[in-house]
Amino acid sequence: MKNKLFQALLATVAVTGIFTTANAAYAGTLSYSTSFKPNTSDPDYLSPYADQGYDYTDIIDSPLKIKKFNSKLGKLESINLEFSGKIIGDGGVESRDNKAQALTVNLSGLLQLSGPDGQNLLELVPTATLTKNVAKYDKKLDFGGDSGFTFEGLSANNSGTKTLTNDSNLSLFTGSGRLDFLFTALAQSTVTGSGNITSEINTYAGADLKVTYVYDEKFAEVPEPATLVGLGLAFGGMLVSRRRQSN
């Protein structure tokens with residue numbers, strides 16, 4: 001009976017030692033992801049690409065919610081941001097010049113990510129181009145025929161990363177609840193050519209955000225060794241009680 005009690009205590013101390021060593025040896029990471037949500041409340045202003053996460057530009061300070069870091073897990077040491085932006089567009093172009101020319105659609109947007117404190121964190125400029133040769137103006141402003149064309153689904157993506165380590169950011173991101181990052185998308189699409197041009201372009205944008213917390217686990221709130229030993233004593237007591245009952 002004494003041997004079983006001693007073995008239970010020894011096993012508890014061994015587990016405590018392993019747990020403490022693991023905390024001291026490893027840093028932890030925890031990631032949260034979120035995506036921009038297009039406005040679907042107004043059917044008259046619904047983006048044709050809403051189901052793919054795009055909305056009409058311009059988009060101003062749309063919130064991207066991320067869960068804060070729980071300090072019970074340890075001490076937050078850095079915050080890694082991965083910001084991905086995307087644009088897609090459609091439209092029509094017509095040459096109104098008296099000679100043939102090459103027309104180039106430059107689909108572009110300025111996508112910005114701001115922090116909960118308003119700090120500008122990342123900027124992306126995804127860009128896609130489309131060039132077509134057209135004839136002289138055919139006297140029909142219809143974005144077709146020999147002097148014009150239409151396009152749809154022209155798209156581009158871009159991404160950027162940033163690491164935050166200063167104390168003010170670490171403090172801001174620690175606690176309970178959620179934080180609002182702010183996403184802004186401004187259209188910068190143009191059409192270029194050598195002569196007179198009439199064009200119409202719709203630019204849509206979307207974004208994804210991943211936040212990874214890097215923290216030191218040795219500062220995590222864990223049971224004290226004395227508490228674990230107490231659990232071992234209780235377990236040993238249960239063994240003793242059961243042995244007596246069986247006798």
# chains A, B, ... in the order shown; residues from 1 in each chain; ligands from 1
>>> residues_around(residues="A:Lys162", least_positions_apart="5", cutoff="12 Å", atoms="only C-alpha atoms", output="list in words")
Ser78, Ile79, Asn80, Leu81, Glu82, Phe83, Ser84, Leu113, Ser114, Gly115, Asn120, Leu121, Leu122, Glu123, Leu209, Lys210, Val211 and Thr212 of chain A
>>> write_last_selection(atoms="all heavy atoms", output="tab-separated table (two decimals), in the first residue's frame")
chain	number	residue	atom	x	y	z
A	78	SER	N	5.01	39.28	-29.97
A	78	SER	CA	4.91	39.94	-31.27
A	78	SER	C	3.60	39.58	-31.94
A	78	SER	O	2.94	38.60	-31.57
A	78	SER	CB	6.09	39.56	-32.18
A	78	SER	OG	6.06	38.17	-32.48
A	79	ILE	N	3.22	40.40	-32.93
A	79	ILE	CA	1.97	40.20	-33.67
A	79	ILE	C	2.31	40.24	-35.15
A	79	ILE	O	2.83	41.24	-35.65
A	79	ILE	CB	0.96	41.31	-33.34
A	79	ILE	CG1	0.71	41.40	-31.83
A	79	ILE	CG2	-0.35	41.07	-34.09
A	79	ILE	CD1	0.14	42.72	-31.40
A	80	ASN	N	2.04	39.15	-35.86
A	80	ASN	CA	2.31	39.07	-37.29
A	80	ASN	C	1.02	39.28	-38.08
A	80	ASN	O	0.04	38.57	-37.86
A	80	ASN	CB	2.92	37.72	-37.65
A	80	ASN	CG	4.26	37.49	-36.98
A	80	ASN	OD1	5.01	38.44	-36.74
A	80	ASN	ND2	4.58	36.25	-36.67
A	81	LEU	N	1.03	40.24	-38.98
A	81	LEU	CA	-0.14	40.55	-39.81
A	81	LEU	C	0.11	40.07	-41.24
A	81	LEU	O	1.17	40.33	-41.81
A	81	LEU	CB	-0.40	42.05	-39.83
A	81	LEU	CG	-0.52	42.76	-38.48
A	81	LEU	CD1	-0.72	44.26	-38.70
A	81	LEU	CD2	-1.65	42.18	-37.65
A	82	GLU	N	-0.88	39.38	-41.81
A	82	GLU	CA	-0.85	38.98	-43.21
A	82	GLU	C	-2.11	39.54	-43.87
A	82	GLU	O	-3.22	39.07	-43.60
A	82	GLU	CB	-0.81	37.46	-43.35
A	82	GLU	CG	0.43	36.83	-42.72
A	82	GLU	CD	0.38	35.31	-42.78
A	82	GLU	OE1	0.05	34.76	-43.87
A	82	GLU	OE2	0.65	34.66	-41.75
A	83	PHE	N	-1.92	40.54	-44.72
A	83	PHE	CA	-3.03	41.26	-45.35
A	83	PHE	C	-3.04	40.94	-46.83
A	83	PHE	O	-2.03	41.13	-47.53
A	83	PHE	CB	-2.84	42.76	-45.12
A	83	PHE	CG	-3.88	43.64	-45.76
A	83	PHE	CD1	-5.23	43.37	-45.62
A	83	PHE	CD2	-3.50	44.78	-46.48
A	83	PHE	CE1	-6.19	44.19	-46.20
A	83	PHE	CE2	-4.44	45.61	-47.04
A	83	PHE	CZ	-5.79	45.31	-46.92
A	84	SER	N	-4.16	40.42	-47.34
A	84	SER	CA	-4.29	40.08	-48.75
A	84	SER	C	-5.44	40.90	-49.34
A	84	SER	O	-6.55	40.91	-48.79
A	84	SER	CB	-4.58	38.59	-48.93
A	84	SER	OG	-3.53	37.81	-48.38
A	113	LEU	N	-4.89	48.93	-44.95
A	113	LEU	CA	-5.26	48.32	-43.67
A	113	LEU	C	-4.78	49.23	-42.55
A	113	LEU	O	-3.59	49.55	-42.45
A	113	LEU	CB	-4.62	46.94	-43.51
A	113	LEU	CG	-4.92	46.23	-42.18
A	113	LEU	CD1	-6.39	45.79	-42.14
A	113	LEU	CD2	-4.01	45.03	-41.98
A	114	SER	N	-5.74	49.66	-41.71
A	114	SER	CA	-5.41	50.49	-40.55
A	114	SER	C	-5.66	49.70	-39.28
A	114	SER	O	-6.54	48.83	-39.23
A	114	SER	CB	-6.25	51.77	-40.54
A	114	SER	OG	-6.01	52.54	-41.70
A	115	GLY	N	-4.89	50.03	-38.22
A	115	GLY	CA	-5.05	49.36	-36.96
A	115	GLY	C	-6.21	49.91	-36.15
A	115	GLY	O	-6.82	50.92	-36.52
A	120	ASN	N	-1.87	53.58	-39.90
A	120	ASN	CA	-1.82	52.97	-41.22
A	120	ASN	C	-0.76	51.86	-41.21
A	120	ASN	O	0.42	52.12	-41.04
A	120	ASN	CB	-1.48	54.01	-42.29
A	120	ASN	CG	-1.61	53.46	-43.69
A	120	ASN	OD1	-2.20	52.40	-43.90
A	120	ASN	ND2	-1.06	54.17	-44.66
A	121	LEU	N	-1.20	50.62	-41.38
A	121	LEU	CA	-0.30	49.47	-41.23
A	121	LEU	C	0.25	48.96	-42.54
A	121	LEU	O	1.44	48.70	-42.67
A	121	LEU	CB	-1.03	48.35	-40.48
A	121	LEU	CG	-1.47	48.66	-39.06
A	121	LEU	CD1	-2.32	47.52	-38.50
A	121	LEU	CD2	-0.27	48.90	-38.16
A	122	LEU	N	-0.63	48.76	-43.53
A	122	LEU	CA	-0.21	48.19	-44.81
A	122	LEU	C	-0.99	48.82	-45.95
A	122	LEU	O	-2.17	49.15	-45.81
A	122	LEU	CB	-0.41	46.68	-44.82
A	122	LEU	CG	0.55	45.84	-43.95
A	122	LEU	CD1	-0.03	44.44	-43.73
A	122	LEU	CD2	1.91	45.74	-44.63
A	123	GLU	N	-0.32	48.96	-47.10
A	123	GLU	CA	-0.96	49.44	-48.32
A	123	GLU	C	-0.62	48.51	-49.47
A	123	GLU	O	0.54	48.11	-49.63
A	123	GLU	CB	-0.52	50.86	-48.65
A	123	GLU	CG	-1.07	51.93	-47.73
A	123	GLU	CD	-0.79	53.34	-48.23
A	123	GLU	OE1	-0.05	53.46	-49.25
A	123	GLU	OE2	-1.32	54.29	-47.65
A	209	LEU	N	-7.58	38.98	-43.85
A	209	LEU	CA	-6.58	39.33	-42.83
A	209	LEU	C	-6.35	38.14	-41.92
A	209	LEU	O	-7.29	37.51	-41.44
A	209	LEU	CB	-7.05	40.53	-42.00
A	209	LEU	CG	-6.16	40.94	-40.81
A	209	LEU	CD1	-4.78	41.39	-41.31
A	209	LEU	CD2	-6.83	42.03	-39.99
A	210	LYS	N	-5.07	37.83	-41.69
A	210	LYS	CA	-4.68	36.80	-40.73
A	210	LYS	C	-3.75	37.43	-39.70
A	210	LYS	O	-2.77	38.09	-40.06
A	210	LYS	CB	-3.99	35.64	-41.42
A	210	LYS	CG	-3.55	34.52	-40.48
A	210	LYS	CD	-2.88	33.39	-41.25
A	210	LYS	CE	-2.44	32.27	-40.32
A	210	LYS	NZ	-1.76	31.17	-41.08
A	211	VAL	N	-4.07	37.24	-38.42
A	211	VAL	CA	-3.26	37.77	-37.32
A	211	VAL	C	-2.72	36.60	-36.52
A	211	VAL	O	-3.49	35.74	-36.08
A	211	VAL	CB	-4.09	38.70	-36.41
A	211	VAL	CG1	-3.26	39.16	-35.21
A	211	VAL	CG2	-4.58	39.91	-37.20
A	212	THR	N	-1.40	36.56	-36.35
A	212	THR	CA	-0.77	35.49	-35.57
A	212	THR	C	-0.09	36.09	-34.35
A	212	THR	O	0.77	36.98	-34.48
A	212	THR	CB	0.27	34.73	-36.41
A	212	THR	OG1	-0.39	34.13	-37.54
A	212	THR	CG2	0.94	33.63	-35.59
>>> residues_around(residues="A:Ala27", least_positions_apart="3", cutoff="8 Å", atoms="only C-alpha atoms", output="list in words")
Asn23, Val214, Tyr215, Asp216 and Glu217 of chain A
>>> write_last_selection(atoms="N, CA and C atoms", output="JSON list (two decimals), in the first residue's frame")
[["chain", "number", "residue", "atom", "x", "y", "z"],
["A", 23, "ASN", "N", 6.99, 24.26, -20.84],
["A", 23, "ASN", "CA", 6.70, 25.69, -20.85],
["A", 23, "ASN", "C", 7.94, 26.51, -21.10],
["A", 214, "VAL", "N", 2.42, 35.66, -31.33],
["A", 214, "VAL", "CA", 3.58, 34.87, -30.88],
["A", 214, "VAL", "C", 3.81, 35.21, -29.42],
["A", 215, "TYR", "N", 3.83, 34.18, -28.56],
["A", 215, "TYR", "CA", 3.89, 34.45, -27.13],
["A", 215, "TYR", "C", 4.79, 33.45, -26.41],
["A", 216, "ASP", "N", 5.22, 33.84, -25.22],
["A", 216, "ASP", "CA", 6.09, 33.01, -24.38],
["A", 216, "ASP", "C", 5.21, 32.24, -23.41],
["A", 217, "GLU", "N", 5.21, 30.91, -23.54],
["A", 217, "GLU", "CA", 4.31, 30.08, -22.74],
["A", 217, "GLU", "C", 4.73, 29.96, -21.28]]
>>> residues_around(residues="A:Ser71", least_positions_apart="5", cutoff="8 Å", atoms="only C-alpha atoms", output="compact mmCIF listing (two decimals) with N, CA and C atoms, in the first residue's frame")
# COMPACT_ATOMS: atom_id res chain seq x y z
N LEU A 76 2.55 37.98 -24.50
CA LEU A 76 2.58 38.31 -25.91
C LEU A 76 3.88 39.01 -26.27
N THR A 174 -3.97 42.82 -26.26
CA THR A 174 -4.10 41.85 -25.17
C THR A 174 -5.37 42.13 -24.37
N GLY A 175 -6.09 41.07 -24.04
CA GLY A 175 -7.30 41.23 -23.23
C GLY A 175 -8.43 40.35 -23.73
N ALA A 220 2.48 31.52 -18.83
CA ALA A 220 1.07 31.12 -18.80
C ALA A 220 0.62 30.80 -17.39
>>> closest_residue(among="A:Thr184, A:Asn106, A:Gln52, A:Asn202", to="A:Leu124", atoms="only C-alpha atoms")
A:Thr184
>>> atom_distance(atom1="atom CA of A:Leu141", atom2="atom CA of A:Ser108")
24.6 Å
>>> closest_residue(among="A:Tyr54, A:Gly153, A:Glu77, A:Leu186", to="A:Thr165", atoms="only C-alpha atoms")
A:Glu77
>>> closest_residue(among="A:Asp208, A:Asp44, A:Asp146, A:Asp138", to="A:Ile66", atoms="only C-alpha atoms")
A:Asp208
>>> select_by_dssp(residues="stretch 81-247 of chain A", states="strand (DSSP E)", output="PyMOL selection string")
chain A and resi 81-95+101-114+120-124+127-134+148-164+178-187+190-192+197-216
>>> closest_residue(among="A:Gln112, A:Thr161, A:Ser171, A:Asn98", to="A:Ser62", atoms="only C-alpha atoms")
A:Gln112
>>> residues_around(residues="A:Gly206", least_positions_apart="3", cutoff="7 Å", atoms="only C-alpha atoms", output="VMD selection string")
chain A and resid 36 53 to 55 85 to 87
>>> write_last_selection(atoms="N, CA, C and O atoms", output="compact mmCIF listing (two decimals), in the first residue's frame")
# COMPACT_ATOMS: atom_id res chain seq x y z
N PHE A 36 -13.25 40.45 -45.44
CA PHE A 36 -14.18 41.54 -45.70
C PHE A 36 -15.53 40.98 -46.12
O PHE A 36 -15.62 40.03 -46.91
N GLY A 53 -16.75 37.73 -52.34
CA GLY A 53 -16.13 38.61 -51.35
C GLY A 53 -15.76 39.99 -51.84
O GLY A 53 -15.01 40.70 -51.17
N TYR A 54 -16.31 40.42 -52.99
CA TYR A 54 -16.01 41.74 -53.54
C TYR A 54 -17.21 42.68 -53.35
O TYR A 54 -18.36 42.26 -53.46
N ASP A 55 -16.91 43.96 -53.14
CA ASP A 55 -17.93 44.99 -53.13
C ASP A 55 -17.48 46.17 -53.96
O ASP A 55 -16.29 46.32 -54.29
N GLY A 85 -5.18 41.55 -50.45
CA GLY A 85 -6.20 42.37 -51.10
C GLY A 85 -6.45 41.90 -52.53
O GLY A 85 -5.55 41.34 -53.18
N LYS A 86 -7.66 42.11 -53.01
CA LYS A 86 -8.01 41.67 -54.36
C LYS A 86 -8.96 42.67 -55.00
O LYS A 86 -9.76 43.32 -54.33
N ILE A 87 -8.84 42.80 -56.31
CA ILE A 87 -9.76 43.64 -57.08
C ILE A 87 -10.23 42.87 -58.30
O ILE A 87 -9.56 41.95 -58.77
>>> atom_distance(atom1="atom CA of A:Thr127", atom2="atom CA of A:Val191")
12.8 Å
